[in-house]
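Chemist: File name coords.txt; file contents compact mmCIF, C-alpha atoms and all ligand atoms; full text below.
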# COMPACT_ATOMS: atom_id res chain seq x y z
CA MET A 1461 0.00 0.00 0.00
CA ASN A 1462 0.97 3.64 -0.47
CA THR A 1463 2.52 4.63 2.86
CA ASN A 1464 2.23 8.41 2.86
CA PHE A 1465 -0.92 10.08 4.13
CA ASP A 1466 -2.20 13.28 5.62
CA THR A 1467 -4.09 11.35 8.29
CA ILE A 1468 -4.04 7.73 9.41
CA ILE A 1469 -7.13 6.75 11.38
CA ALA A 1470 -7.00 3.78 13.75
CA GLY A 1471 -10.47 2.29 14.25
CA ALA A 1472 -13.30 2.06 11.74
CA GLY A 1473 -16.31 2.61 14.02
CA LEU A 1474 -18.62 5.62 14.00
CA ALA A 1475 -15.87 7.92 15.30
CA GLY A 1476 -13.19 6.91 12.78
CA ALA A 1477 -15.61 6.62 9.86
CA SER A 1478 -17.19 10.05 10.40
CA ALA A 1479 -13.74 11.62 10.61
CA ALA A 1480 -12.55 9.72 7.52
CA MET A 1481 -15.45 11.00 5.47
CA ALA A 1482 -15.03 14.60 6.60
CA LEU A 1483 -11.27 14.58 6.05
CA ALA A 1484 -11.64 13.06 2.58
CA LYS A 1485 -14.22 15.73 1.73
CA SER A 1486 -11.74 18.38 2.79
CA GLY A 1487 -9.20 16.98 0.32
CA GLN A 1488 -6.97 15.02 2.71
CA ARG A 1489 -5.26 11.74 1.83
CA VAL A 1490 -6.69 9.43 4.46
CA CYS A 1491 -5.91 5.86 5.45
CA ILE A 1492 -8.43 4.17 7.77
CA LEU A 1493 -7.47 0.90 9.45
CA ASP A 1494 -9.32 -1.55 11.65
CA ARG A 1495 -7.73 -4.47 13.44
CA SER A 1496 -10.89 -6.48 12.80
CA GLU A 1497 -13.82 -5.97 10.38
CA PHE A 1498 -15.11 -2.44 9.79
CA ALA A 1499 -17.74 -1.54 12.42
CA SER A 1500 -16.85 -4.51 14.57
CA GLY A 1501 -16.90 -2.73 17.95
CA ALA A 1502 -19.87 -0.93 19.50
CA SER A 1503 -20.64 0.46 16.04
CA GLY A 1504 -21.55 -3.03 14.87
CA SER A 1505 -24.09 -3.75 17.55
CA GLY A 1506 -27.24 -3.46 15.44
CA LEU A 1507 -30.04 -0.90 15.35
CA ALA A 1508 -29.49 2.29 17.32
CA LEU A 1509 -31.75 5.11 18.34
CA VAL A 1510 -31.25 8.63 17.14
CA SER A 1511 -33.02 10.18 20.09
CA PRO A 1512 -33.08 14.01 20.10
CA MET A 1513 -34.77 14.40 23.52
CA MET A 1514 -32.78 11.94 25.49
CA SER A 1515 -32.16 13.23 29.01
CA ARG A 1516 -34.23 12.25 32.06
CA LYS A 1517 -36.12 15.51 31.63
CA GLY A 1518 -36.53 15.06 27.88
CA ARG A 1519 -34.44 18.15 27.10
CA PRO A 1520 -32.84 18.44 23.65
CA VAL A 1521 -29.45 16.78 23.29
CA TRP A 1522 -26.55 19.23 22.96
CA LYS A 1523 -26.55 20.85 19.46
CA VAL A 1524 -29.10 18.27 18.36
CA ARG A 1525 -30.57 20.23 15.47
CA GLU A 1526 -27.17 20.69 13.88
CA ALA A 1527 -26.41 16.98 14.34
CA LEU A 1528 -29.76 15.96 12.81
CA ASP A 1529 -29.29 18.30 9.88
CA ARG A 1530 -25.86 16.83 9.22
CA LEU A 1531 -27.31 13.33 9.26
CA GLY A 1532 -29.84 14.65 6.74
CA ARG A 1533 -32.53 12.00 6.49
CA THR A 1534 -36.27 11.69 6.75
CA ASP A 1535 -37.26 10.92 10.31
CA THR A 1536 -39.84 8.31 11.19
CA GLY A 1537 -40.34 9.48 14.79
CA LEU A 1538 -39.97 7.66 18.08
CA LEU A 1539 -41.90 7.47 21.35
CA ARG A 1540 -40.66 8.48 24.82
CA PRO A 1541 -43.12 7.35 27.51
CA ALA A 1542 -42.85 9.17 30.84
CA SER A 1543 -42.18 6.87 33.78
CA SER A 1544 -43.78 9.05 36.49
CA LEU A 1545 -45.98 12.11 36.97
CA ASP A 1546 -42.87 14.19 37.63
CA GLN A 1547 -41.24 13.08 34.42
CA ALA A 1548 -44.49 13.72 32.53
CA THR A 1549 -44.36 17.36 33.71
CA TYR A 1550 -40.80 17.75 32.43
CA PHE A 1551 -41.57 16.04 29.12
CA LYS A 1552 -44.64 18.18 28.54
CA GLU A 1553 -42.71 21.36 29.27
CA SER A 1554 -39.84 20.36 26.98
CA SER A 1555 -42.24 19.46 24.15
CA LEU A 1556 -43.92 22.85 24.44
CA GLN A 1557 -40.52 24.57 24.31
CA ASN A 1558 -39.27 22.45 21.39
CA PRO A 1559 -42.28 21.84 19.15
CA ASP A 1560 -40.03 21.13 16.15
CA LEU A 1561 -38.62 18.09 18.02
CA GLY A 1562 -41.57 16.55 19.81
CA THR A 1563 -45.25 16.70 20.72
CA TRP A 1564 -46.67 15.76 24.11
CA ILE A 1565 -49.44 13.15 23.99
CA GLU A 1566 -51.75 12.97 27.02
CA PRO A 1567 -52.30 9.50 28.56
CA ALA A 1568 -55.92 9.34 27.38
CA LYS A 1569 -54.87 9.80 23.74
CA VAL A 1570 -51.95 7.36 23.68
CA GLY A 1571 -54.15 4.27 23.22
CA THR A 1572 -55.81 5.47 20.02
CA ARG A 1573 -52.59 6.76 18.44
CA PHE A 1574 -50.04 4.20 19.61
CA PRO A 1575 -51.93 1.15 20.94
CA TYR A 1576 -48.80 -0.97 21.35
CA VAL A 1577 -47.05 1.22 23.95
CA LYS A 1578 -47.67 1.35 27.70
CA ALA A 1579 -47.66 5.00 28.75
CA PRO A 1580 -49.91 5.57 31.79
CA PHE A 1581 -48.31 9.01 32.36
CA GLY A 1582 -48.32 10.05 28.70
CA LEU A 1583 -45.49 10.24 26.17
CA VAL A 1584 -43.57 12.50 23.83
CA HIS A 1585 -43.88 11.72 20.15
CA VAL A 1586 -40.37 12.76 19.13
CA HIS A 1587 -40.86 13.55 15.44
CA ARG A 1588 -37.22 13.92 14.62
CA GLY A 1589 -36.11 10.63 16.18
CA TYR A 1590 -35.61 7.33 14.37
CA ALA A 1591 -33.71 4.05 14.38
CA VAL A 1592 -30.70 3.39 12.19
CA ASP A 1593 -28.46 0.40 11.63
CA LEU A 1594 -25.09 1.35 13.10
CA ALA A 1595 -22.92 -0.87 10.92
CA THR A 1596 -24.66 0.21 7.71
CA LEU A 1597 -24.23 3.88 8.62
CA THR A 1598 -20.57 3.41 9.61
CA LYS A 1599 -19.75 1.49 6.42
CA SER A 1600 -21.55 4.07 4.26
CA TRP A 1601 -19.28 6.78 5.68
CA ILE A 1602 -16.18 4.66 5.01
CA GLN A 1603 -17.43 3.98 1.49
CA GLU A 1604 -17.98 7.69 0.86
CA SER A 1605 -14.48 8.41 2.08
CA VAL A 1606 -13.02 5.72 -0.20
CA GLU A 1607 -14.93 7.11 -3.18
CA LEU A 1608 -13.20 10.42 -2.49
CA GLY A 1609 -9.76 8.78 -2.62
CA SER A 1610 -9.17 7.39 0.88
CA VAL A 1611 -7.87 3.88 1.45
CA ALA A 1612 -9.41 1.56 4.03
CA PHE A 1613 -8.04 -1.75 5.31
CA CYS A 1614 -9.62 -4.18 7.73
CA HIS A 1615 -7.59 -6.74 9.71
CA VAL A 1616 -4.69 -4.33 10.03
CA ALA A 1617 -4.07 -2.96 13.52
CA VAL A 1618 -2.12 0.11 14.51
CA GLN A 1619 0.43 -1.33 16.92
CA SER A 1620 2.52 1.67 17.89
CA TRP A 1621 3.84 4.97 16.59
CA VAL A 1622 6.80 7.30 16.75
CA GLU A 1623 6.13 11.01 16.59
CA ASN A 1624 8.77 13.20 14.95
CA GLN A 1625 9.07 16.92 14.37
CA ASP A 1626 7.38 16.80 10.97
CA CYS A 1627 5.48 13.49 10.81
CA VAL A 1628 4.32 10.41 12.66
CA ARG A 1629 5.52 6.91 11.73
CA VAL A 1630 2.85 4.31 12.41
CA LEU A 1631 3.75 0.66 12.85
CA LEU A 1632 1.15 -1.80 11.64
CA SER A 1633 0.31 -5.40 12.49
CA ASN A 1634 1.06 -6.52 8.92
CA GLY A 1635 4.72 -5.58 9.43
CA GLN A 1636 4.52 -2.41 7.34
CA SER A 1637 4.87 1.11 8.58
CA ALA A 1638 3.15 4.20 7.24
CA ILE A 1639 3.84 7.90 7.56
CA ALA A 1640 1.33 10.68 8.08
CA GLU A 1641 1.01 14.21 9.30
CA ARG A 1642 -1.37 12.98 11.99
CA LEU A 1643 -2.58 9.79 13.59
CA LEU A 1644 -6.17 9.85 14.82
CA LEU A 1645 -6.94 7.22 17.46
CA ALA A 1646 -10.59 6.18 17.30
CA THR A 1647 -10.14 2.75 18.80
CA GLY A 1648 -13.05 2.85 21.26
CA PRO A 1649 -12.57 0.76 24.44
CA ASP A 1650 -8.93 0.07 23.51
CA LEU A 1651 -8.14 3.62 24.57
CA VAL A 1652 -9.20 2.95 28.15
CA ASN A 1653 -6.14 0.92 29.16
CA HIS A 1654 -3.71 1.80 26.38
CA PRO A 1655 -0.44 3.02 27.95
CA GLU A 1656 -0.50 6.22 25.88
CA THR A 1657 -4.11 7.12 26.68
CA GLN A 1658 -4.96 5.59 30.06
CA HIS A 1659 -4.28 8.95 31.75
CA LEU A 1660 -7.40 10.26 29.98
CA ASN A 1661 -9.36 8.23 32.53
CA LEU A 1662 -12.00 7.14 30.01
CA HIS A 1663 -14.82 5.03 31.38
CA PRO A 1664 -16.15 1.93 29.59
CA ILE A 1665 -19.83 1.00 29.97
CA LYS A 1666 -21.00 -2.43 28.93
CA GLY A 1667 -24.35 -2.75 27.18
CA GLN A 1668 -26.32 -5.88 26.37
CA ARG A 1669 -29.15 -6.23 23.89
CA LEU A 1670 -31.60 -8.93 22.83
CA ARG A 1671 -33.38 -9.79 19.62
CA LEU A 1672 -36.87 -11.24 20.14
CA LYS A 1673 -39.07 -12.99 17.62
CA LYS A 1674 -42.39 -11.22 17.17
CA PRO A 1675 -45.30 -13.63 17.71
CA GLU A 1676 -47.88 -14.27 14.95
CA GLY A 1677 -50.61 -11.64 14.96
CA TRP A 1678 -48.63 -9.15 17.04
CA PHE A 1679 -48.98 -5.45 16.08
CA GLY A 1680 -47.69 -4.63 12.59
CA SER A 1681 -44.71 -2.31 12.59
CA ILE A 1682 -44.21 -0.06 15.60
CA LEU A 1683 -42.28 3.15 16.13
CA PRO A 1684 -39.05 2.87 18.15
CA ILE A 1685 -39.64 3.35 21.88
CA SER A 1686 -37.12 4.92 24.24
CA GLY A 1687 -37.73 4.62 27.98
CA ALA A 1688 -35.82 2.54 30.48
CA GLY A 1689 -33.93 1.00 27.55
CA PHE A 1690 -35.29 0.82 24.04
CA VAL A 1691 -37.50 -1.28 21.78
CA MET A 1692 -36.91 -1.18 18.03
CA ASP A 1693 -38.85 -2.93 15.32
CA GLU A 1694 -36.79 -4.93 12.81
CA GLY A 1695 -39.68 -6.50 10.89
CA GLN A 1696 -39.79 -10.13 12.04
CA THR A 1697 -37.95 -9.32 15.27
CA LEU A 1698 -37.70 -6.67 17.97
CA SER A 1699 -34.35 -5.38 19.18
CA ILE A 1700 -34.41 -4.50 22.86
CA GLY A 1701 -31.71 -2.98 24.99
CA ALA A 1702 -29.56 -1.76 26.48
CA THR A 1703 -28.05 -2.31 29.89
CA PHE A 1704 -25.68 0.24 31.47
CA GLU A 1705 -23.08 -1.82 33.34
CA HIS A 1706 -20.20 -0.03 34.99
CA ASP A 1707 -18.57 -3.18 36.43
CA TRP A 1708 -18.64 -6.62 34.96
CA GLN A 1709 -17.04 -10.06 35.30
CA THR A 1710 -17.34 -10.96 31.64
CA GLU A 1711 -17.58 -8.84 28.49
CA GLY A 1712 -20.08 -11.27 26.99
CA PRO A 1713 -23.88 -11.50 27.46
CA THR A 1714 -25.18 -12.70 30.86
CA GLU A 1715 -28.40 -14.19 32.23
CA GLU A 1716 -28.85 -11.22 34.62
CA GLY A 1717 -28.54 -8.84 31.67
CA LYS A 1718 -31.19 -10.78 29.77
CA ILE A 1719 -33.63 -10.63 32.70
CA GLU A 1720 -33.03 -6.90 33.17
CA LEU A 1721 -33.68 -6.20 29.49
CA LEU A 1722 -36.86 -8.27 29.38
CA ASN A 1723 -38.21 -6.56 32.50
CA GLN A 1724 -37.35 -3.10 31.15
CA ALA A 1725 -39.05 -3.78 27.82
CA ALA A 1726 -42.10 -5.29 29.54
CA GLU A 1727 -42.70 -1.89 31.13
CA MET A 1728 -43.01 -0.38 27.65
CA ILE A 1729 -44.93 -3.00 25.63
CA ASP A 1730 -47.09 -6.08 26.24
CA GLY A 1731 -46.22 -9.68 25.48
CA ILE A 1732 -42.45 -9.41 25.95
CA HIS A 1733 -42.15 -12.42 28.24
CA ASP A 1734 -43.90 -14.63 25.67
CA MET A 1735 -41.42 -13.85 22.90
CA ASP A 1736 -38.50 -16.12 22.02
CA VAL A 1737 -34.99 -14.70 22.38
CA VAL A 1738 -33.18 -15.30 19.09
CA GLU A 1739 -30.01 -13.34 19.78
CA HIS A 1740 -28.21 -11.92 22.82
CA VAL A 1741 -25.14 -9.71 22.32
CA SER A 1742 -23.06 -7.21 24.24
CA GLY A 1743 -20.80 -4.27 23.44
CA ILE A 1744 -18.83 -1.56 25.15
CA ARG A 1745 -19.22 2.17 24.68
CA VAL A 1746 -16.74 4.69 26.05
CA THR A 1747 -17.73 7.72 28.11
CA VAL A 1748 -15.84 10.65 29.56
CA PRO A 1749 -16.48 10.91 33.31
CA GLY A 1750 -17.42 14.36 34.51
CA THR A 1751 -18.38 15.94 31.21
CA ARG A 1752 -20.18 12.95 29.64
CA MET A 1753 -19.27 14.65 26.37
CA PRO A 1754 -17.12 13.23 23.57
CA MET A 1755 -13.39 13.87 23.73
CA ILE A 1756 -11.37 15.24 20.80
CA GLY A 1757 -7.92 16.67 20.40
CA PRO A 1758 -4.20 16.00 20.46
CA LEU A 1759 -2.73 14.08 23.37
CA PRO A 1760 -0.83 16.31 25.81
CA ASN A 1761 2.63 17.10 24.36
CA CYS A 1762 1.88 14.99 21.25
CA PRO A 1763 0.59 17.44 18.64
CA ARG A 1764 0.38 14.80 15.91
CA ILE A 1765 -1.49 12.14 17.91
CA TRP A 1766 -5.18 12.89 18.21
CA VAL A 1767 -8.02 11.01 19.89
CA PHE A 1768 -11.71 11.03 19.08
CA THR A 1769 -13.79 9.02 21.52
CA GLY A 1770 -16.38 9.16 24.32
CA LEU A 1771 -19.42 9.11 22.04
CA GLY A 1772 -21.29 7.25 24.78
CA SER A 1773 -24.92 6.36 24.13
CA LYS A 1774 -25.36 9.18 21.62
CA GLY A 1775 -22.93 7.66 19.15
CA VAL A 1776 -24.78 8.57 15.97
CA LEU A 1777 -25.60 12.16 16.91
CA MET A 1778 -22.14 12.90 18.31
CA ALA A 1779 -20.26 11.31 15.41
CA SER A 1780 -22.31 13.25 12.92
CA LEU A 1781 -21.87 16.50 14.83
CA LEU A 1782 -18.19 16.32 15.76
CA GLY A 1783 -16.61 13.81 13.38
CA MET A 1784 -17.74 15.96 10.49
CA LYS A 1785 -15.88 18.94 11.98
CA ILE A 1786 -12.54 17.20 12.44
CA PRO A 1787 -10.94 19.05 9.48
CA ASP A 1788 -11.78 22.37 11.15
CA PHE A 1789 -10.44 21.10 14.47
CA PHE A 1790 -7.17 20.02 12.81
CA ASN A 1791 -6.81 23.51 11.33
CA ASN A 1792 -7.72 25.33 14.49
CA PHE A 1793 -7.46 23.54 17.78
CA LYS A 1794 -9.43 26.32 19.47
CA SER A 1795 -12.51 25.54 17.39
CA ILE A 1796 -12.99 22.32 19.42
CA PRO A 1797 -15.82 23.02 21.89
CA MET A 1798 -14.33 23.55 25.34
CA ASN A 1799 -16.37 20.74 26.88
CA CYS A 1800 -15.00 18.24 24.33
CA ARG A 1801 -11.30 19.04 24.53
CA VAL A 1802 -8.76 16.48 25.66
CA ALA A 1803 -7.64 17.35 29.15
CA MET A 1804 -4.92 15.82 31.28
CA ARG A 1805 -6.80 13.83 33.89
CA THR A 1806 -5.80 12.34 37.17
CA PRO A 1807 -4.38 8.88 36.56
CA LYS A 1808 -6.61 6.07 37.80
CA ALA A 1809 -5.93 4.88 41.34
C1 LIG B 1901 -25.47 -2.10 23.53
C2 LIG B 1901 -25.24 -0.74 22.95
C3 LIG B 1901 -26.33 0.01 22.52
C4 LIG B 1901 -26.12 1.29 21.98
N1 LIG B 1901 -27.19 2.01 21.55
C5 LIG B 1901 -26.99 3.20 20.95
C6 LIG B 1901 -28.10 3.93 20.44
O1 LIG B 1901 -29.25 3.50 20.53
N2 LIG B 1901 -27.84 5.11 19.81
C7 LIG B 1901 -26.58 5.62 19.66
O2 LIG B 1901 -26.42 6.70 19.06
N3 LIG B 1901 -25.51 4.95 20.16
C8 LIG B 1901 -25.69 3.76 20.80
N4 LIG B 1901 -24.64 3.09 21.32
C9 LIG B 1901 -23.33 3.76 21.33
C10 LIG B 1901 -22.55 3.64 20.03
O3 LIG B 1901 -22.63 2.32 19.57
C11 LIG B 1901 -21.11 4.08 20.31
O4 LIG B 1901 -21.07 5.37 20.88
C12 LIG B 1901 -20.27 4.12 19.05
O5 LIG B 1901 -20.50 3.01 18.24
C13 LIG B 1901 -18.79 4.21 19.41
O6 LIG B 1901 -18.05 4.29 18.23
P1 LIG B 1901 -16.46 4.31 18.24
O7 LIG B 1901 -16.05 4.45 16.83
O8 LIG B 1901 -15.96 5.31 19.23
O9 LIG B 1901 -16.01 2.89 18.85
P2 LIG B 1901 -16.20 1.39 18.24
O10 LIG B 1901 -17.43 1.26 17.45
O11 LIG B 1901 -16.01 0.46 19.40
O12 LIG B 1901 -14.97 1.28 17.24
C14 LIG B 1901 -13.65 1.07 17.60
C15 LIG B 1901 -12.98 0.30 16.47
O13 LIG B 1901 -11.56 0.35 16.68
C16 LIG B 1901 -11.02 -0.89 16.27
N5 LIG B 1901 -9.71 -1.01 16.88
C17 LIG B 1901 -9.40 -1.20 18.20
N6 LIG B 1901 -8.07 -1.20 18.38
C18 LIG B 1901 -7.51 -1.00 17.15
C19 LIG B 1901 -6.15 -0.87 16.67
N7 LIG B 1901 -5.10 -0.95 17.49
N8 LIG B 1901 -5.94 -0.65 15.35
C20 LIG B 1901 -6.98 -0.55 14.49
N9 LIG B 1901 -8.28 -0.66 14.89
C21 LIG B 1901 -8.54 -0.88 16.20
C22 LIG B 1901 -12.06 -1.91 16.73
O14 LIG B 1901 -11.93 -3.14 16.02
C23 LIG B 1901 -13.36 -1.19 16.43
O15 LIG B 1901 -13.87 -1.49 15.14
C24 LIG B 1901 -24.80 1.81 21.86
C25 LIG B 1901 -23.71 1.03 22.28
C26 LIG B 1901 -23.93 -0.22 22.81
C27 LIG B 1901 -22.74 -1.03 23.25
Turn the structure described in the file into structure tokens.
Modeler:
Amino acid sequence: MNTNFDTIIAGAGLAGASAAMALAKSGQRVCILDRSEFASGASGSGLALVSPMMSRKGRPVWKVREALDRLGRTDTGLLRPASSLDQATYFKESSLQNPDLGTWIEPAKVGTRFPYVKAPFGLVHVHRGYAVDLATLTKSWIQESVELGSVAFCHVAVQSWVENQDCVRVLLSNGQSAIAERLLLATGPDLVNHPETQHLNLHPIKGQRLRLKKPEGWFGSILPISGAGFVMDEGQTLSIGATFEHDWQTEGPTEEGKIELLNQAAEMIDGIHDMDVVEHVSGIRVTVPGTRMPMIGPLPNCPRIWVFTGLGSKGVLMASLLGMKIPDFFNNFKSIPMNCRVAMRTPKA
């Protein structure tokens, strides 16, 4: 392969792929590498919600309109049932303040409009929300980048690097090395314990999800539902998830996780416990403690080594919002939003 690039990107998940597309559009020569298949980490975990009113109070996600516009697609809508009277008050207020994002539906009207959802306290019909397949989206961004001249290789890992005055030399698992102006690390959970990035004190959160077979005669297609977890319609099956596990014994799926997911989903729709589980998977998303915002920027004292991570549970929205701005960030470090900048953090105890 050609070994001279403007940017080498390690990791072909949502973070790396969004950056690859934006950099290619800005005219950069980009090489994107994944040690496994493309979208094989959290970004390969199936359907995901694009949920514009996500917080406990149903407030708009940070810069959500800009993120949605960048994603640029027709929204199908999703439902956010309130779980208490208090939450219903917040949701109603937020819907009134953000009528372009969602409409409050009183409990008495839910049954006629959305008969499949349990919402005794009412719900927000979030017009601009929808479900999207993470792997398909990630691969479409890689494809777009390649069509603009980037190169992309799976089953090639970035093993190490040496930063010089005018370039970075990247050593690859296939024995080759490549040279670039910058290396962008978008390797998801691998950043948590990597010797060069563990001081960032990133926090991994495990999530499990289930695929359930819809019984004969069940409702036709339903809108995605986001409450304690989510329910998404895949046609013959429902995808339900996700757990938020901060400590775990095993990275794989567990029986406790399955029970938690089934109970969560049963609070949102009927018949869950009668459905057959056809798949049970797990993944790990990275968050940034304290800010809970993504993290972007050069590592301290390493101007050519950048990280882009911490997309958390808002992977699609944050990748579309921030990944697409990476060329601007490369040109002007100060254009990175303050709450997303890489900071030197206290090393883990
Ligand atoms: C169960 C679950 C449910 C979720 N639901 C939603 C949702 O509904 N909506 C939403 O927006 N987000 C959701 N997310 C979050 C979203 O999936 C993540 O925020 C996003 O996928 C993270 O992308 P990433 O590119 O940072 O990391 P990843 O997707 O993990 O990508 C990292 C990539 O780096 C590669 N890699 C690692 N080390 C190397 C190396 N040395 N060299 C080369 N490549 C390497 C890996 O193989 C991997 O492909 C969910 C996550 C989980 C786990």
Chemist: Between A:Lys1485, A:His1615, A:Lys1552, A:Lys1673, single out the one closest to ligand LIG 1901 (chain B), counting only C-alpha atoms and all ligand atoms.
Modeler: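 Distance minimum relative to ligand LIG 1901 (chain B) lands on A:His1615.
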Chemist: For chain A against ligand LIG 1901 (chain B), with a cut-off of 6 Å and counting all atoms listed in the file, what is the closest atom pair and its distance in Å to one decimal for every residue that makes the cut, ordered by chain and number, as JSON lines?
Modeler:
{"residue": "A:Ala1470", "atom": "CA", "partner": "B:LIG1901", "partner_atom": "C20", "distance": 4.4}
{"residue": "A:Gly1471", "atom": "CA", "partner": "B:LIG1901", "partner_atom": "O13", "distance": 3.3}
{"residue": "A:Ala1472", "atom": "CA", "partner": "B:LIG1901", "partner_atom": "O15", "distance": 4.9}
{"residue": "A:Gly1473", "atom": "CA", "partner": "B:LIG1901", "partner_atom": "O7", "distance": 3.4}
{"residue": "A:Leu1474", "atom": "CA", "partner": "B:LIG1901", "partner_atom": "O7", "distance": 4.0}
{"residue": "A:Ala1475", "atom": "CA", "partner": "B:LIG1901", "partner_atom": "O7", "distance": 3.8}
{"residue": "A:Gly1476", "atom": "CA", "partner": "B:LIG1901", "partner_atom": "O7", "distance": 5.5}
{"residue": "A:Leu1493", "atom": "CA", "partner": "B:LIG1901", "partner_atom": "C20", "distance": 5.3}
{"residue": "A:Asp1494", "atom": "CA", "partner": "B:LIG1901", "partner_atom": "N9", "distance": 3.5}
{"residue": "A:Arg1495", "atom": "CA", "partner": "B:LIG1901", "partner_atom": "N9", "distance": 4.1}
{"residue": "A:Ser1496", "atom": "CA", "partner": "B:LIG1901", "partner_atom": "O14", "distance": 4.8}
{"residue": "A:Phe1498", "atom": "CA", "partner": "B:LIG1901", "partner_atom": "O15", "distance": 5.6}
{"residue": "A:Ala1499", "atom": "CA", "partner": "B:LIG1901", "partner_atom": "O15", "distance": 4.7}
{"residue": "A:Ser1500", "atom": "CA", "partner": "B:LIG1901", "partner_atom": "O15", "distance": 4.3}
{"residue": "A:Gly1501", "atom": "CA", "partner": "B:LIG1901", "partner_atom": "O11", "distance": 3.6}
{"residue": "A:Ala1502", "atom": "CA", "partner": "B:LIG1901", "partner_atom": "O10", "distance": 3.9}
{"residue": "A:Ser1503", "atom": "CA", "partner": "B:LIG1901", "partner_atom": "O5", "distance": 3.4}
{"residue": "A:Ala1508", "atom": "CA", "partner": "B:LIG1901", "partner_atom": "O1", "distance": 3.4}
{"residue": "A:Leu1509", "atom": "CA", "partner": "B:LIG1901", "partner_atom": "O1", "distance": 3.7}
{"residue": "A:Val1510", "atom": "CA", "partner": "B:LIG1901", "partner_atom": "O2", "distance": 5.5}
{"residue": "A:Ala1617", "atom": "CA", "partner": "B:LIG1901", "partner_atom": "N8", "distance": 3.5}
{"residue": "A:Val1618", "atom": "CA", "partner": "B:LIG1901", "partner_atom": "N8", "distance": 4.0}
{"residue": "A:Gln1619", "atom": "CA", "partner": "B:LIG1901", "partner_atom": "N7", "distance": 5.6}
{"residue": "A:Ala1646", "atom": "CA", "partner": "B:LIG1901", "partner_atom": "O7", "distance": 5.7}
{"residue": "A:Thr1647", "atom": "CA", "partner": "B:LIG1901", "partner_atom": "O13", "distance": 3.5}
{"residue": "A:Gly1648", "atom": "CA", "partner": "B:LIG1901", "partner_atom": "O9", "distance": 3.8}
{"residue": "A:Asp1650", "atom": "CA", "partner": "B:LIG1901", "partner_atom": "N6", "distance": 5.4}
{"residue": "A:Gly1667", "atom": "CA", "partner": "B:LIG1901", "partner_atom": "C1", "distance": 3.9}
{"residue": "A:Gln1668", "atom": "CA", "partner": "B:LIG1901", "partner_atom": "C1", "distance": 4.8}
{"residue": "A:Arg1669", "atom": "CA", "partner": "B:LIG1901", "partner_atom": "C1", "distance": 5.5}
{"residue": "A:Ala1702", "atom": "CA", "partner": "B:LIG1901", "partner_atom": "C1", "distance": 5.1}
{"residue": "A:Ser1742", "atom": "CA", "partner": "B:LIG1901", "partner_atom": "C1", "distance": 5.7}
{"residue": "A:Gly1743", "atom": "CA", "partner": "B:LIG1901", "partner_atom": "C27", "distance": 3.8}
{"residue": "A:Ile1744", "atom": "CA", "partner": "B:LIG1901", "partner_atom": "C27", "distance": 4.4}
{"residue": "A:Arg1745", "atom": "CA", "partner": "B:LIG1901", "partner_atom": "C27", "distance": 5.0}
{"residue": "A:Thr1769", "atom": "CA", "partner": "B:LIG1901", "partner_atom": "O8", "distance": 4.9}
{"residue": "A:Leu1771", "atom": "CA", "partner": "B:LIG1901", "partner_atom": "O4", "distance": 4.2}
{"residue": "A:Gly1772", "atom": "CA", "partner": "B:LIG1901", "partner_atom": "O4", "distance": 4.3}
{"residue": "A:Ser1773", "atom": "CA", "partner": "B:LIG1901", "partner_atom": "C9", "distance": 4.1}
{"residue": "A:Lys1774", "atom": "CA", "partner": "B:LIG1901", "partner_atom": "O2", "distance": 3.7}
{"residue": "A:Gly1775", "atom": "CA", "partner": "B:LIG1901", "partner_atom": "O4", "distance": 3.4}
{"residue": "A:Val1776", "atom": "CA", "partner": "B:LIG1901", "partner_atom": "O2", "distance": 4.0}
{"residue": "A:Leu1777", "atom": "CA", "partner": "B:LIG1901", "partner_atom": "O2", "distance": 5.9}
Chemist: For the atom pair atom CA of A:Lys1794 and atom CA of A:Pro1758, what is the interatomic distance in Å to one decimal place?
Modeler: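 Atom CA of A:Pro1758 lies at a distance of 11.6 Å from atom CA of A:Lys1794.
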Chemist: Ranking A:Met1778, A:His1654, A:Leu1507, A:Val1746 by minimum distance to A:Asp1593 and counting only C-alpha atoms, which one comes first?
Modeler: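 Among A:Met1778, A:His1654, A:Leu1507, A:Val1746, it is A:Leu1507 that comes nearest to A:Asp1593.
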Chemist: Could you pull the residues within 9 Å of A:Arg1519, counting only C-alpha atoms, minus those fewer than 3 positions along the same chain, as a PyMOL selection string?
Modeler: chain A and resi 1512-1516+1522+1550-1551+1554-1555+1558
Chemist: Can you work out the spacing between atom CA of A:Gly1783 and atom CA of A:Gly1609 in Å, to one decimal?
Modeler: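 Distance between the two atoms: 18.1 Å.
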Chemist: Do you have the atom CA of A:Glu1526-atom CA of A:Lys1666 distance handy?
Modeler: 28.3 Å
Chemist: Any idea what's packed within 7 Å of A:Ile1639, counting all atoms listed in the file, ignoring anything in its chain fewer than 5 positions away? Could you give it as an MDAnalysis selection string?
Modeler: chainID A and resid 1463:1465 1627:1630
Chemist: Name the closest residue to A:Arg1573 among the candidates A:Ala1591, A:Ile1468, A:Leu1539, A:Ile1732; distances are taken between atoms, counting all atoms listed in the file.
Modeler: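 That would be A:Leu1539, the residue with the smallest distance to A:Arg1573.
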Chemist: Using 6 Å of padding on each side, determine the axis-aligned box around all atoms of stretch 1781-1795 of chain A present in the file and give its centre and edge lengths in Å to one decimal, as AutoDock Vina command-line options.
Modeler:
--center_x -14.3 --center_y 20.1 --center_z 14.5 --size_x 27.1 --size_y 24.5 --size_z 22.0
Chemist: Here is a test: counting all atoms listed in the file, which residue of A:Gly1582, A:Asp1529, A:Thr1714, A:Asn1661 is nearest to A:Asp1546?
Modeler: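 Using all atoms listed in the file, the shortest distance to A:Asp1546 belongs to A:Gly1582.
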